[in-house]
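Q: Coordinates in start-v5.cif, mmCIF, C-alpha atoms, are listed below.
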```
data_coords
#
loop_
_atom_site.label_atom_id
_atom_site.label_comp_id
_atom_site.auth_asym_id
_atom_site.auth_seq_id
_atom_site.Cartn_x
_atom_site.Cartn_y
_atom_site.Cartn_z
CA MET A 1 -80.52 -36.71 2.87
CA SER A 2 -79.70 -40.09 1.32
CA GLN A 3 -76.60 -41.93 2.53
CA GLN A 4 -73.44 -41.84 0.41
CA THR A 5 -72.80 -44.98 -1.61
CA SER A 6 -69.58 -46.53 -0.34
CA ILE A 7 -67.04 -48.09 -2.70
CA LEU A 8 -63.96 -50.16 -1.94
CA ILE A 9 -61.37 -50.40 -4.70
CA LEU A 10 -58.72 -53.11 -4.55
CA ASP A 11 -55.96 -53.26 -7.14
CA ASP A 12 -52.29 -53.97 -6.51
CA GLU A 13 -51.36 -51.39 -9.12
CA PRO A 14 -51.62 -48.01 -7.36
CA ILE A 15 -52.28 -46.21 -10.65
CA VAL A 16 -55.73 -47.80 -10.89
CA SER A 17 -56.96 -46.32 -7.61
CA LYS A 18 -55.15 -43.09 -8.37
CA ARG A 19 -57.19 -42.72 -11.55
CA LEU A 20 -60.51 -43.89 -10.14
CA ARG A 21 -60.66 -42.30 -6.71
CA PRO A 22 -60.81 -38.58 -7.60
CA SER A 23 -63.39 -39.17 -10.30
CA LEU A 24 -65.65 -41.24 -8.05
CA GLU A 25 -65.31 -38.86 -5.11
CA LYS A 26 -66.24 -36.01 -7.42
CA LYS A 27 -69.42 -37.92 -8.23
CA GLY A 28 -70.24 -38.05 -4.52
CA TYR A 29 -69.18 -41.58 -3.66
CA GLU A 30 -67.37 -42.46 -0.45
CA VAL A 31 -64.22 -44.25 -1.65
CA GLU A 32 -61.58 -46.33 0.12
CA THR A 33 -58.68 -47.75 -1.88
CA PHE A 34 -56.31 -50.63 -1.21
CA THR A 35 -53.29 -52.11 -2.98
CA SER A 36 -53.01 -55.05 -0.57
CA SER A 37 -55.73 -57.69 -0.61
CA VAL A 38 -54.88 -58.66 2.97
CA ASP A 39 -55.52 -55.09 4.14
CA ALA A 40 -58.70 -54.87 2.06
CA LEU A 41 -59.95 -58.13 3.55
CA ALA A 42 -59.31 -56.85 7.05
CA ARG A 43 -61.28 -53.70 6.19
CA VAL A 44 -64.33 -55.52 4.81
CA ARG A 45 -64.40 -57.61 7.96
CA GLU A 46 -64.73 -54.32 9.87
CA ARG A 47 -67.42 -52.70 7.74
CA LYS A 48 -69.72 -53.17 4.78
CA PHE A 49 -69.27 -51.41 1.42
CA ASN A 50 -72.14 -51.02 -1.06
CA ILE A 51 -69.88 -51.64 -4.04
CA VAL A 52 -66.53 -53.44 -4.29
CA VAL A 53 -64.25 -53.10 -7.32
CA THR A 54 -61.51 -55.72 -7.31
CA ASP A 55 -58.64 -56.92 -9.47
CA LEU A 56 -58.17 -60.69 -9.73
CA LYS A 57 -54.45 -61.41 -10.02
CA MET A 58 -52.80 -60.31 -6.79
CA GLU A 59 -50.26 -61.57 -4.32
CA GLY A 60 -51.52 -63.02 -1.05
CA VAL A 61 -55.30 -63.30 -1.12
CA ASP A 62 -56.25 -63.31 -4.81
CA GLY A 63 -59.25 -61.43 -6.15
CA MET A 64 -61.43 -64.52 -6.45
CA GLN A 65 -60.89 -65.41 -2.78
CA PHE A 66 -61.50 -61.79 -1.84
CA LEU A 67 -64.77 -61.44 -3.73
CA THR A 68 -65.95 -64.81 -2.38
CA GLU A 69 -65.38 -63.52 1.15
CA VAL A 70 -67.12 -60.22 0.38
CA LYS A 71 -70.21 -61.95 -1.06
CA SER A 72 -70.23 -64.35 1.87
CA LEU A 73 -70.17 -61.49 4.41
CA TYR A 74 -72.49 -59.15 2.49
CA PRO A 75 -74.56 -60.88 -0.22
CA ASP A 76 -76.10 -57.60 -1.34
CA THR A 77 -72.78 -55.85 -1.92
CA GLU A 78 -72.29 -55.49 -5.66
CA VAL A 79 -68.86 -56.65 -6.82
CA ILE A 80 -67.24 -55.51 -10.06
CA VAL A 81 -64.22 -57.46 -11.29
CA ILE A 82 -61.46 -55.69 -13.22
CA THR A 83 -58.67 -57.77 -14.70
CA GLY A 84 -55.70 -57.47 -16.99
CA PHE A 85 -55.65 -61.22 -17.62
CA ALA A 86 -59.21 -61.96 -18.63
CA THR A 87 -60.43 -65.41 -19.61
CA MET A 88 -63.88 -66.83 -20.13
CA ALA A 89 -63.21 -69.25 -17.26
CA THR A 90 -62.48 -66.46 -14.77
CA ALA A 91 -65.47 -64.48 -16.04
CA LYS A 92 -67.75 -67.52 -15.58
CA GLU A 93 -66.35 -68.26 -12.13
CA SER A 94 -66.83 -64.61 -11.15
CA PHE A 95 -70.46 -64.56 -12.32
CA SER A 96 -71.14 -67.87 -10.60
CA LYS A 97 -70.09 -66.15 -7.37
CA GLY A 98 -72.59 -63.38 -8.02
CA VAL A 99 -70.47 -60.50 -9.34
CA PHE A 100 -72.31 -57.62 -10.95
CA ASP A 101 -69.98 -57.12 -13.91
CA PHE A 102 -66.62 -58.13 -15.32
CA LEU A 103 -64.38 -55.57 -17.04
CA ALA A 104 -61.19 -56.41 -18.88
CA LYS A 105 -58.39 -53.88 -18.70
CA PRO A 106 -57.70 -51.51 -20.29
CA PHE A 107 -60.92 -49.60 -19.87
CA LYS A 108 -61.74 -45.94 -19.90
CA LEU A 109 -62.87 -44.09 -16.80
CA GLY A 110 -66.28 -43.57 -18.39
CA GLU A 111 -66.81 -47.30 -18.80
CA ILE A 112 -66.25 -48.19 -15.15
CA THR A 113 -68.16 -45.19 -13.81
CA GLU A 114 -71.10 -46.26 -15.98
CA VAL A 115 -70.95 -49.79 -14.52
CA ILE A 116 -70.70 -48.39 -10.99
CA ALA A 117 -73.74 -46.18 -11.65
CA LYS A 118 -75.71 -49.25 -12.82
CA ALA A 119 -74.64 -51.18 -9.71
CA GLU A 120 -75.76 -48.26 -7.56
CA GLU A 121 -79.10 -48.15 -9.37
CA LYS A 122 -79.59 -51.86 -8.69
CA ILE A 123 -78.82 -51.33 -5.00
CA ASN A 124 -81.22 -48.38 -4.77
CA ASN A 125 -84.00 -50.34 -6.50
CA SER A 126 -83.66 -53.44 -4.35
CA MET B 127 -62.82 -52.89 -22.79
CA LYS B 128 -64.25 -51.46 -25.96
CA ILE B 129 -63.04 -52.79 -29.32
CA LEU B 130 -63.61 -51.23 -32.72
CA VAL B 131 -63.22 -53.63 -35.65
CA ALA B 132 -62.93 -52.21 -39.17
CA LEU B 133 -64.40 -54.71 -41.61
CA ASP B 134 -65.53 -55.11 -45.18
CA ALA B 135 -66.69 -58.03 -47.33
CA LYS B 136 -63.19 -59.15 -48.36
CA ASP B 137 -61.34 -62.28 -47.30
CA TYR B 138 -58.84 -60.42 -45.11
CA SER B 139 -61.80 -59.24 -43.00
CA LYS B 140 -63.50 -62.63 -42.90
CA LYS B 141 -60.25 -64.21 -41.68
CA ILE B 142 -59.93 -62.07 -38.56
CA VAL B 143 -63.45 -62.59 -37.24
CA LYS B 144 -62.54 -65.74 -35.33
CA ASP B 145 -59.67 -63.91 -33.60
CA VAL B 146 -62.05 -61.09 -32.73
CA ALA B 147 -64.51 -63.63 -31.32
CA ARG B 148 -61.78 -65.22 -29.19
CA LEU B 149 -60.79 -61.85 -27.80
CA ALA B 150 -64.43 -60.95 -27.21
CA GLU B 151 -64.97 -64.25 -25.41
CA ASN B 152 -61.98 -63.68 -23.13
CA THR B 153 -62.56 -60.03 -22.37
CA LEU B 154 -66.36 -59.70 -22.63
CA ALA B 155 -65.65 -56.49 -24.50
CA ASP B 156 -68.15 -54.10 -26.01
CA ILE B 157 -67.75 -54.60 -29.77
CA ILE B 158 -68.32 -52.17 -32.60
CA PHE B 159 -68.09 -53.42 -36.19
CA LEU B 160 -67.43 -50.56 -38.57
CA GLY B 161 -68.03 -50.74 -42.31
CA VAL B 162 -67.25 -47.85 -44.62
CA GLN B 163 -68.84 -47.25 -47.99
CA GLU B 164 -68.82 -44.59 -50.66
CA LYS B 165 -71.26 -41.71 -50.36
CA ALA B 166 -74.89 -42.93 -50.47
CA THR B 167 -78.25 -42.16 -48.94
CA GLU B 168 -78.58 -45.53 -47.24
CA PRO B 169 -76.38 -48.44 -46.12
CA GLU B 170 -75.33 -50.63 -49.04
CA LYS B 171 -76.81 -54.11 -48.99
CA THR B 172 -73.47 -55.86 -49.63
CA LEU B 173 -71.81 -54.15 -46.69
CA VAL B 174 -74.84 -54.65 -44.43
CA ASN B 175 -74.86 -58.36 -45.26
CA ALA B 176 -71.11 -58.65 -44.70
CA LEU B 177 -71.31 -57.01 -41.28
CA LEU B 178 -74.31 -59.14 -40.30
CA LYS B 179 -72.44 -62.28 -41.40
CA HIS B 180 -69.37 -61.26 -39.35
CA GLN B 181 -71.59 -60.50 -36.36
CA ASN B 182 -73.31 -63.86 -36.71
CA ASP B 183 -69.92 -65.60 -36.85
CA VAL B 184 -68.91 -63.95 -33.57
CA TYR B 185 -72.21 -64.87 -31.90
CA SER B 186 -71.90 -68.46 -33.14
CA TYR B 187 -68.45 -68.73 -31.56
CA PHE B 188 -70.04 -68.50 -28.10
CA SER B 189 -72.08 -71.25 -26.54
CA PRO B 190 -75.62 -69.86 -26.12
CA ASP B 191 -75.32 -69.73 -22.33
CA ASP B 192 -72.13 -67.67 -22.49
CA LEU B 193 -73.14 -65.12 -25.12
CA PRO B 194 -72.84 -61.68 -23.48
CA TYR B 195 -74.54 -59.88 -26.38
CA ALA B 196 -78.24 -59.62 -27.15
CA GLU B 197 -79.68 -60.25 -30.60
CA LEU B 198 -79.61 -57.22 -32.86
CA PRO B 199 -83.03 -55.74 -33.64
CA SER B 200 -83.70 -56.93 -37.16
CA ASP B 201 -83.27 -54.35 -39.90
CA GLN B 202 -83.61 -51.31 -37.66
CA TRP B 203 -80.71 -49.17 -38.81
CA GLN B 204 -80.78 -45.76 -37.16
CA GLU B 205 -79.47 -42.78 -39.11
CA ARG B 206 -77.28 -40.97 -36.59
CA ALA B 207 -76.23 -38.24 -39.04
CA GLN B 208 -75.85 -37.89 -42.77
CA GLY B 209 -73.82 -40.87 -43.99
CA ASP B 210 -73.73 -42.49 -40.54
CA TRP B 211 -75.96 -45.43 -39.59
CA SER B 212 -75.91 -47.90 -36.73
CA ILE B 213 -77.76 -50.81 -35.23
CA SER B 214 -77.07 -51.86 -31.68
CA SER B 215 -78.02 -54.36 -29.01
CA LYS B 216 -77.54 -54.05 -25.27
CA GLY B 217 -77.16 -57.34 -23.51
CA MET B 218 -74.76 -57.76 -20.65
CA LYS B 219 -72.32 -56.15 -23.11
CA GLU B 220 -73.02 -53.97 -26.12
CA PHE B 221 -72.69 -55.02 -29.76
CA THR B 222 -72.95 -52.39 -32.50
CA LEU B 223 -72.81 -52.40 -36.27
CA ARG B 224 -71.95 -49.04 -37.75
CA ILE B 225 -71.73 -47.90 -41.34
CA ARG B 226 -70.24 -44.58 -42.41
CA THR B 227 -69.36 -43.03 -45.72
CA GLY B 228 -65.94 -41.75 -46.76
CA SER B 229 -62.38 -42.99 -46.30
CA VAL B 230 -61.91 -46.15 -44.23
CA ALA B 231 -58.83 -44.90 -42.40
CA LYS B 232 -60.34 -41.52 -41.59
CA GLN B 233 -63.68 -42.95 -40.48
CA ALA B 234 -62.05 -45.61 -38.28
CA VAL B 235 -60.02 -42.96 -36.47
CA THR B 236 -63.04 -40.64 -36.18
CA VAL B 237 -65.25 -43.37 -34.69
CA ALA B 238 -62.44 -44.54 -32.37
CA GLU B 239 -62.15 -41.00 -31.02
CA GLU B 240 -65.91 -40.61 -30.72
CA ILE B 241 -66.56 -43.83 -28.83
CA ASP B 242 -63.32 -43.65 -26.84
CA CYS B 243 -62.38 -47.24 -27.64
CA ASP B 244 -59.37 -49.11 -26.26
CA LEU B 245 -58.36 -51.06 -29.34
CA ILE B 246 -58.87 -51.00 -33.09
CA ILE B 247 -58.57 -54.30 -34.95
CA LEU B 248 -58.37 -54.80 -38.68
CA GLY B 249 -57.07 -57.28 -41.18
CA CYS B 250 -55.33 -56.61 -44.45
CA SER B 251 -54.53 -58.32 -47.70
CA GLY B 252 -51.27 -60.17 -48.03
CA LYS B 253 -51.03 -60.28 -51.79
CA PHE B 254 -49.50 -56.91 -52.52
CA GLY B 255 -48.24 -55.62 -49.21
CA CYS B 256 -50.83 -54.77 -46.60
CA GLU B 257 -53.64 -53.04 -48.37
CA TRP B 258 -57.37 -52.64 -48.27
CA SER B 259 -59.65 -52.84 -51.23
CA GLY B 260 -59.91 -49.49 -52.99
CA GLU B 261 -57.78 -47.52 -50.54
CA MET B 262 -54.05 -47.28 -50.01
CA ASN B 263 -52.24 -47.80 -46.70
CA VAL B 264 -55.36 -48.19 -44.57
CA PRO B 265 -53.67 -50.09 -41.69
CA LEU B 266 -50.71 -47.73 -41.68
CA ARG B 267 -52.86 -44.60 -41.69
CA ILE B 268 -55.05 -45.92 -38.90
CA ALA B 269 -51.97 -46.92 -36.91
CA GLU B 270 -50.51 -43.45 -37.40
CA ASP B 271 -53.56 -41.46 -36.31
CA ALA B 272 -55.50 -43.70 -33.92
CA PRO B 273 -56.05 -42.47 -30.37
CA CYS B 274 -55.63 -46.01 -29.03
CA SER B 275 -53.70 -49.22 -29.72
CA VAL B 276 -54.15 -50.86 -33.12
CA LEU B 277 -53.91 -54.57 -33.89
CA VAL B 278 -53.37 -55.38 -37.56
CA ILE B 279 -53.88 -59.09 -38.22
CA LYS B 280 -52.17 -60.18 -41.40
CA GLN B 281 -52.25 -63.92 -40.94
CA VAL B 282 -54.39 -65.69 -38.40
CA ARG B 283 -52.15 -68.22 -36.74
CA SER B 284 -51.51 -69.41 -33.27
CA THR B 285 -48.43 -67.89 -31.77
CA ASN B 286 -46.56 -68.78 -28.64
CA GLN B 287 -44.59 -65.58 -28.39
CA ILE B 288 -45.26 -61.89 -28.23
CA VAL B 289 -42.25 -59.68 -28.84
CA SER B 290 -42.63 -56.22 -27.35
CA ILE B 291 -40.25 -53.58 -28.55
CA LEU B 292 -39.83 -51.14 -25.71
CA ASP B 293 -39.91 -47.44 -26.31
CA GLN B 294 -37.75 -45.14 -24.20
CA THR B 295 -40.47 -42.63 -23.59
CA VAL B 296 -43.56 -43.10 -21.46
CA ILE B 297 -45.11 -46.57 -21.42
CA THR B 298 -48.78 -46.20 -20.70
CA GLN B 299 -50.64 -48.43 -18.28
CA GLU B 300 -53.16 -49.08 -21.06
CA SER B 301 -50.46 -50.49 -23.33
CA LEU B 302 -49.19 -52.85 -20.62
CA GLU B 303 -52.74 -54.03 -20.03
CA MET B 304 -53.27 -54.60 -23.75
CA ILE B 305 -50.12 -56.75 -23.88
CA ASN B 306 -51.38 -58.70 -20.86
CA GLN B 307 -54.66 -59.51 -22.60
CA LEU B 308 -52.88 -60.74 -25.73
CA VAL B 309 -50.45 -62.85 -23.69
CA THR B 310 -53.44 -64.39 -21.91
CA LEU B 311 -55.40 -64.89 -25.13
CA HIS B 312 -52.56 -66.72 -26.88
CA ASP B 313 -51.15 -68.31 -23.73
CA ALA B 314 -47.90 -66.90 -25.07
CA GLY B 315 -44.53 -66.05 -23.64
CA LEU B 316 -43.49 -62.44 -23.65
CA LYS B 317 -40.15 -61.15 -24.85
CA ILE B 318 -39.46 -57.55 -23.88
CA VAL B 319 -36.87 -55.97 -26.12
CA GLY B 320 -35.09 -52.79 -25.11
CA VAL B 321 -33.35 -50.74 -27.76
CA GLN B 322 -29.98 -49.32 -26.76
CA GLU B 323 -28.30 -46.52 -28.57
CA LYS B 324 -24.52 -46.50 -28.85
CA LYS B 325 -22.97 -44.21 -26.21
CA ALA B 326 -26.39 -42.97 -25.15
CA ALA B 327 -26.82 -41.70 -21.62
CA LYS B 328 -30.27 -43.21 -21.46
CA ASN B 329 -29.12 -46.84 -21.68
CA ASP B 330 -29.03 -47.19 -17.89
CA GLU B 331 -32.56 -45.85 -17.79
CA ILE B 332 -33.82 -48.38 -20.32
CA GLU B 333 -32.16 -51.23 -18.45
CA GLN B 334 -33.83 -50.11 -15.25
CA ARG B 335 -37.16 -49.91 -17.01
CA MET B 336 -36.75 -53.41 -18.39
CA VAL B 337 -35.92 -54.77 -14.94
CA GLY B 338 -39.03 -53.01 -13.65
CA LEU B 339 -41.16 -54.57 -16.38
CA LEU B 340 -39.68 -58.00 -15.75
CA LYS B 341 -40.61 -57.68 -12.09
CA TYR B 342 -44.12 -56.53 -13.07
CA TYR B 343 -44.63 -59.68 -15.14
CA ASN B 344 -42.90 -62.04 -12.71
CA ASP B 345 -45.16 -60.75 -9.93
CA ARG B 346 -48.11 -61.68 -12.16
CA GLU B 347 -46.71 -65.10 -13.03
CA VAL B 348 -46.34 -64.23 -16.72
CA GLY B 349 -43.38 -65.88 -18.45
CA ALA B 350 -41.33 -62.91 -19.62
CA TRP B 351 -37.79 -62.48 -20.92
CA VAL B 352 -35.84 -59.31 -21.53
CA LYS B 353 -33.32 -58.63 -24.26
CA LEU B 354 -31.26 -55.59 -25.23
CA VAL B 355 -30.77 -54.92 -28.92
CA ASP B 356 -28.55 -52.27 -30.51
CA SER B 357 -30.51 -49.61 -32.34
CA ASP B 358 -28.63 -50.26 -35.59
CA ILE B 359 -29.90 -53.83 -35.83
CA VAL B 360 -33.35 -53.41 -34.33
CA LYS B 361 -35.12 -53.17 -37.70
CA GLU B 362 -33.74 -56.52 -38.81
CA TYR B 363 -34.52 -57.98 -35.41
CA VAL B 364 -38.12 -56.84 -35.56
CA THR B 365 -38.56 -57.99 -39.14
CA ASP B 366 -37.24 -61.45 -38.25
CA SER B 367 -39.41 -61.65 -35.13
CA SER B 368 -42.52 -60.60 -37.03
CA ARG B 369 -42.37 -63.73 -39.17
CA GLU B 370 -43.42 -65.93 -36.28
CA ALA B 371 -44.41 -63.86 -33.27
CA ILE B 372 -46.88 -61.06 -32.75
CA VAL B 373 -44.77 -57.93 -32.60
CA ALA B 374 -45.89 -55.13 -30.34
CA LEU B 375 -44.34 -51.75 -30.99
CA TRP B 376 -44.59 -49.16 -28.27
CA MET B 377 -44.82 -45.99 -30.32
CA GLY B 378 -45.28 -43.08 -27.99
CA GLY B 379 -45.06 -39.36 -28.54
CA LYS B 380 -42.79 -37.19 -30.64
CA GLN B 381 -39.73 -38.20 -28.61
CA SER B 382 -40.34 -41.87 -29.27
CA LEU B 383 -37.13 -43.61 -30.32
CA ILE B 384 -39.14 -46.40 -31.92
CA LYS B 385 -41.05 -43.86 -33.95
CA LYS B 386 -37.75 -42.34 -35.07
CA LEU B 387 -36.29 -45.73 -35.97
CA PHE B 388 -39.45 -47.03 -37.58
CA SER B 389 -40.42 -44.53 -40.19
CA GLN B 390 -43.84 -44.80 -41.84
CA SER B 391 -42.30 -46.78 -44.66
CA MET B 392 -40.64 -49.14 -42.18
CA VAL B 393 -43.93 -49.79 -40.36
CA ASP B 394 -45.54 -50.31 -43.75
CA LYS B 395 -42.81 -52.78 -44.65
CA LEU B 396 -43.36 -54.60 -41.36
CA LEU B 397 -47.04 -54.84 -42.16
CA GLU B 398 -46.06 -56.24 -45.54
CA THR B 399 -43.63 -58.83 -44.26
CA THR B 400 -45.31 -59.99 -41.08
CA GLU B 401 -46.81 -63.42 -41.23
CA SER B 402 -48.66 -62.90 -38.00
CA ALA B 403 -49.95 -59.66 -36.51
CA LEU B 404 -48.60 -56.28 -35.53
CA LEU B 405 -49.76 -54.40 -32.47
CA ILE B 406 -49.08 -50.68 -32.34
CA LEU B 407 -49.33 -49.67 -28.71
CA ARG B 408 -50.34 -46.32 -27.30
#
```
Show the structure stored in the file as structure tokens.
A:
Amino acid sequence: MSQQTSILILDDEPIVSKRLRPSLEKKGYEVETFTSSVDALARVRERKFNIVVTDLKMEGVDGMQFLTEVKSLYPDTEVIVITGFATMATAKESFSKGVFDFLAKPFKLGEITEVIAKAEEKINNS
Amino acid sequence: MKILVALDAKDYSKKIVKDVARLAENTLADIIFLGVQEKATEPEKTLVNALLKHQNDVYSYFSPDDLPYAELPSDQWQERAQGDWSISSKGMKEFTLRIRTGSVAKQAVTVAEEIDCDLIILGCSGKFGCEWSGEMNVPLRIAEDAPCSVLVIKQVRSTNQIVSILDQTVITQESLEMINQLVTLHDAGLKIVGVQEKKAAKNDEIEQRMVGLLKYYNDREVGAWVKLVDSDIVKEYVTDSSREAIVALWMGGKQSLIKKLFSQSMVDKLLETTESALLILR
């Protein structure tokens, strides 16, 4: 039996994880959600996730610092950025740090699950 | 984010393409350009050329290294169904041209529902109210029936303020996020306006909601102000604001106070008088 793909979701707005988690778990993913970037950072230092979905604008450790740390610890973890305050500059900075995709909010559940499926496919093919 | 843009060959459509490109550049959105023509067996050349020109203008806005869209396959329109054609490219993000036959307003709403988009954008003529060529009240009818937020751009101008008129019913997360993207795009300040009814029990509730929203924006370092306006002067307030700022109207469900205050004719009048853009939020 193949191992479950693990996903960490970090967004300081609880509604984001509340929407995403049940749908992703239903698809068979192992999901952990965080609203605090400090807590999420502590968790990724404990274990590796296959896919990380992170917001950018957050108190404490911001999303850019968080994804930099994730890619530094686990270069093959695929990171997907979700942001309500999108700019070309933040998109370019994110891609320069190796993120898999960049999604501006609002987005529909179908859009992010499609991106997650593509990230999973990339992981499985590597 | 997925954005549907209703376009034709007229000036009011040409004028909004740069704003669409700016939003596409910021959000890296999937874009669908929709053109609507009268019943025919194939896409009309004029409309095809107009959509291709608009698409080229968006692509040209990006520096080649930053373009998230792939080139469209040349002249390979696929007939999806009778009176429904599309041509699409899948780069990092998807860009689609779509042509359908029938009524513009009806087709825009149908496609928005089908593709589950997050925003519909369209322009409109400023000469005689806010109209589209050959069809009455297109922006208003789309705004009324769309399953998502609708941005009607009357005049393309830089704005430093977005005025959001707060509804007393549910404010969706999607609508807050849409406001955030526009604030970011225009580097604008945000004024949140609550509407208070005389002697209404819900006034405390609306104040609390405004405080909550102010905290939401302060936490995200967005310059936001709140203001309470009496319901009997809100129409004048909105009309005045719409001359300079982008006005965002939260128009929720059947219980929506804003929907009650802003009848169809009032929204139509706003679309007529605005010298900027009107965002109908859902």
Q: Need to verify the contact set: stretch 266-270 of chain B, 7 Å, all atoms listed in the file, exclusion of same-chain residues closer than 6 positions in sequence. Can you return it as a list in words?
A: Ala231, Val235, Val276, Asp394 and Ile406 of chain B
Q: Mind pulling up the distance from atom CA of A:Val81 to atom CA of A:Phe95?
A: 9.5 Å
Q: Could you check how far atom CA of B:Met377 sits from atom CA of B:Val131, in Å to one decimal?
A: 20.6 Å
Q: Can you check which residues of chain B have any atom within 6 Å of chain A? Use only C-alpha atoms and format it as a VMD selection string.
A: chain B and resid 127 151 to 153 300 303 306 to 307 310
Q: For stretch 333-342 of chain B, I'd like the enclosing box, axis-aligned and padded by 8 Å on every side, reported as lines of an AutoDock Vina configuration file with centre and edge lengths in Å to one decimal.
A:
```
center_x = -38.1
center_y = -54.0
center_z = -15.3
size_x = 28.0
size_y = 24.1
size_z = 22.4
```
Q: Kindly give the distance, in Å, that separates atom CA of B:Asp345 and atom CA of B:Val364, rounded to a single decimal.
A: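 Separation of atom CA of B:Asp345 and atom CA of B:Val364: 26.9 Å.
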Q: Quick one: apply the PyMOL selection byres ((chain B and resi 333) around 12) to the file and drop the selected residues here as JSON, numbers by chain.
A: {"B": [292, 293, 294, 318, 319, 320, 321, 322, 323, 327, 328, 329, 330, 331, 332, 334, 335, 336, 337, 338, 339, 340, 352, 353, 354, 355]}
Q: For A:Leu8, list every protein, DNA or RNA residue within 8 Å, evaluated using only C-alpha atoms, and leave out those in the same chain fewer than 6 positions away; present the list as a ChimeraX atom specification.
A: /A:31-34,49,51-53
Q: At a cut-off of 7 Å from (-46.7, -64.3, -30.8) in the coordinates of the file, what residues are picked up using all atoms listed in the file, written as a list in words?
A: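 The answer, in the requested form, is Thr285, Asn286, Gln287, Ile288, Val289, Ala314, Glu370, Ala371, Ile372 and Val373 of chain B.
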Q: Out of B:Lys140, B:Lys232, B:His312, B:Lys361, which residue has the shortest atom-to-atom distance to B:Val162 when counting only C-alpha atoms?
A: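 Ranked by minimum distance to B:Val162, first place goes to B:Lys232.
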Q: What would the file be for stretch 341-355 of chain B if you keep N, CA and C atoms and write it as a short mmCIF file (atom, residue, chain, number, x, y, z; two decimals), in the first residue's frame?
A:
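Wrote part_31.cif, looks like this:
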```
data_model
loop_
_atom_site.label_atom_id
_atom_site.label_comp_id
_atom_site.auth_asym_id
_atom_site.auth_seq_id
_atom_site.Cartn_x
_atom_site.Cartn_y
_atom_site.Cartn_z
N LYS B 341 -10.41 45.39 12.84
CA LYS B 341 -9.33 44.59 13.44
C LYS B 341 -8.72 43.68 12.38
N TYR B 342 -9.60 43.07 11.56
CA TYR B 342 -9.14 42.17 10.49
C TYR B 342 -8.13 42.91 9.60
N TYR B 343 -8.47 44.14 9.21
CA TYR B 343 -7.59 44.88 8.30
C TYR B 343 -6.35 45.42 9.02
N ASN B 344 -6.55 45.88 10.26
CA ASN B 344 -5.38 46.36 11.01
C ASN B 344 -4.36 45.25 11.20
N ASP B 345 -4.85 44.04 11.51
CA ASP B 345 -3.96 42.89 11.69
C ASP B 345 -3.16 42.61 10.41
N ARG B 346 -3.74 43.00 9.27
CA ARG B 346 -3.07 42.73 7.99
C ARG B 346 -2.41 43.98 7.41
N GLU B 347 -2.28 44.97 8.28
CA GLU B 347 -1.57 46.22 7.93
C GLU B 347 -2.18 46.91 6.72
N VAL B 348 -3.51 46.84 6.60
CA VAL B 348 -4.22 47.54 5.54
C VAL B 348 -4.85 48.79 6.16
N GLY B 349 -4.57 49.96 5.55
CA GLY B 349 -5.14 51.19 6.07
C GLY B 349 -6.64 51.20 5.88
N ALA B 350 -7.39 51.08 6.97
CA ALA B 350 -8.85 51.02 6.87
C ALA B 350 -9.50 51.98 7.87
N TRP B 351 -10.59 52.57 7.45
CA TRP B 351 -11.37 53.45 8.31
C TRP B 351 -12.80 52.94 8.33
N VAL B 352 -13.50 53.21 9.44
CA VAL B 352 -14.91 52.82 9.47
C VAL B 352 -15.77 54.06 9.65
N LYS B 353 -16.97 53.99 9.11
CA LYS B 353 -17.89 55.13 9.20
C LYS B 353 -19.31 54.58 9.25
N LEU B 354 -20.13 55.20 10.11
CA LEU B 354 -21.55 54.81 10.16
C LEU B 354 -22.38 55.87 9.44
N VAL B 355 -23.27 55.42 8.59
CA VAL B 355 -24.10 56.35 7.83
C VAL B 355 -25.56 55.96 8.04
#
```
